[in-house]
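**Student:** The structure's right below; bear with me while I get my questions together.
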Amino acid sequence: MAGPALLIVDVINHFAFEGARPLAAAARAICAPLRALRGRFDAAGCPVVYANDNWTRWQGGFAELVASCRERGGASAQLAEGLAPEAGHFHLLKPKHSAFRATALPILLQQLGVEQLAITGIATDSCVLATALDAHMRGYRLWVPGDCTAARTPALQQAAMHLLRYTCGAEVATSRGRRAPFGLGRG
């Protein structure tokens with residue numbers, strides 16, 4: 001039976017790039033709602049998939065990335081502590097912006113029978129948007145809850161959410177709305 005999956009993009013993050021400080025602050029704000037949304041997907045038995053940049057560290061895996069973020073402190077550690085994959089979650093590393101580009105994500109989603117994607121994470125105007133565009137081109141029904149995505153500025157967040165809604169046809173209701181897409185009930 002086809003169903004939804006939660007895709008969490010780039011939350012395991014060193015924040016070691018230009019513009020990282022405001023993005024880290026915005027990312028901290030999404031930690032609690034994203035954790036709650038992840039819990040709803042877990043409770044419903046729906047797949048949770050992490051797709052994360054490898055930050056050009058070609059010899060490490062996902063566990064090493066989580067550990068290095070925990071050691072780093074600050075927002076990196078807060079997100080790694082609060083949102084690291086748990087037992088039963090899927091995870092993959094990606095070389096660039098889109099979680100679909102040069103990864104096993106398309107095959108994984110096909111094997112899981114996923115037809116609907118809730119895309120969350122950072123940055124809304126970059127990797128989340130690129131992933132949503134690729135998902136839209138592949139025919140997935142999309143939900144991008146704005147309270148579970150972060151951008152460097154409110155203006156970038158708003159612009160990206162507008163594109164997601166009008167270009168990708170994504171539902172952009174928050175994760176805590178009256179009615180959550182994909183039959184997950186109230187937030």
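Quick note on naming: the chains in the structure tokens go A, B, ... in the order shown, residues restart at 1 in each chain, and ligands are numbered from 1 in order of appearance.
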Can you tell me, as a VMD selection string, what residues are no more than 9 Å from Asp42 of chain A when counting only C-alpha atoms, ignoring any on the same chain fewer than 6 positions away?
**Tutor:** chain A and resid 48 88 to 89
**Student:** Do a neighbour search on Asp10 of chain A at 12 Å with only C-alpha atoms, toss out local chain neighbours closer than 5 positions, and write the hits as number ranges by chain.
**Tutor:** A: 15, 23-24, 27, 49-55, 62, 65-66, 69, 76, 79-80, 83-85, 91-99, 119-124, 126-128, 131, 149-151
**Student:** Do a neighbour search on Gly169 of chain A at 9 Å with only C-alpha atoms, toss out local chain neighbours closer than 6 positions, and write the hits as a list in words.
**Tutor:**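 Surrounding residues, per the criterion: His136, Arg141, Leu142, Trp143 and Leu163 of chain A.
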**Student:** Which neighbours of segment 102-115 of chain A fall inside 7 Å, counting only C-alpha atoms, when residues of the same chain fewer than 4 positions from it are skipped, and could you give them as an NGL selection string?
**Tutor:** :A and (1-5 or 94 or 140-141)
**Student:** Between A:Ala170, A:Leu6, A:Leu117, A:Leu133, which has the minimum distance to Phe41 of chain A (counting only C-alpha atoms)?
**Tutor:** A:Leu6
**Student:** In Å, rounded to a single decimal, give me how far atom CA of Cys168 of chain A is from atom CA of Met137 of chain A.
**Tutor:** 8.4 Å
**Student:** Out of A:Leu164, A:Ala67, A:Ala43, A:Ala75, which residue has the shortest atom-to-atom distance to Arg21 of chain A when counting only C-alpha atoms?
**Tutor:** A:Ala75
**Student:** When DSSP is applied to the backbone of this structure, which of segment 62-180 of chain A are assigned alpha helix (DSSP H)? Write them out as a VMD selection string.
**Tutor:** chain A and resid 62 to 72 74 to 83 105 to 112 129 to 137 154 to 168
**Student:** Quick one: pull the distance between atom CA of Ala26 of chain A and atom CA of Gly139 of chain A, Å, one decimal.
**Tutor:**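 Atom CA of Gly139 of chain A lies 29.7 Å from atom CA of Ala26 of chain A.
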**Student:** So which one's closest to Pro33 of chain A, A:Glu171, A:Glu18, A:Glu81, A:Asp147? Using only C-alpha atoms, please.
**Tutor:** A:Asp147
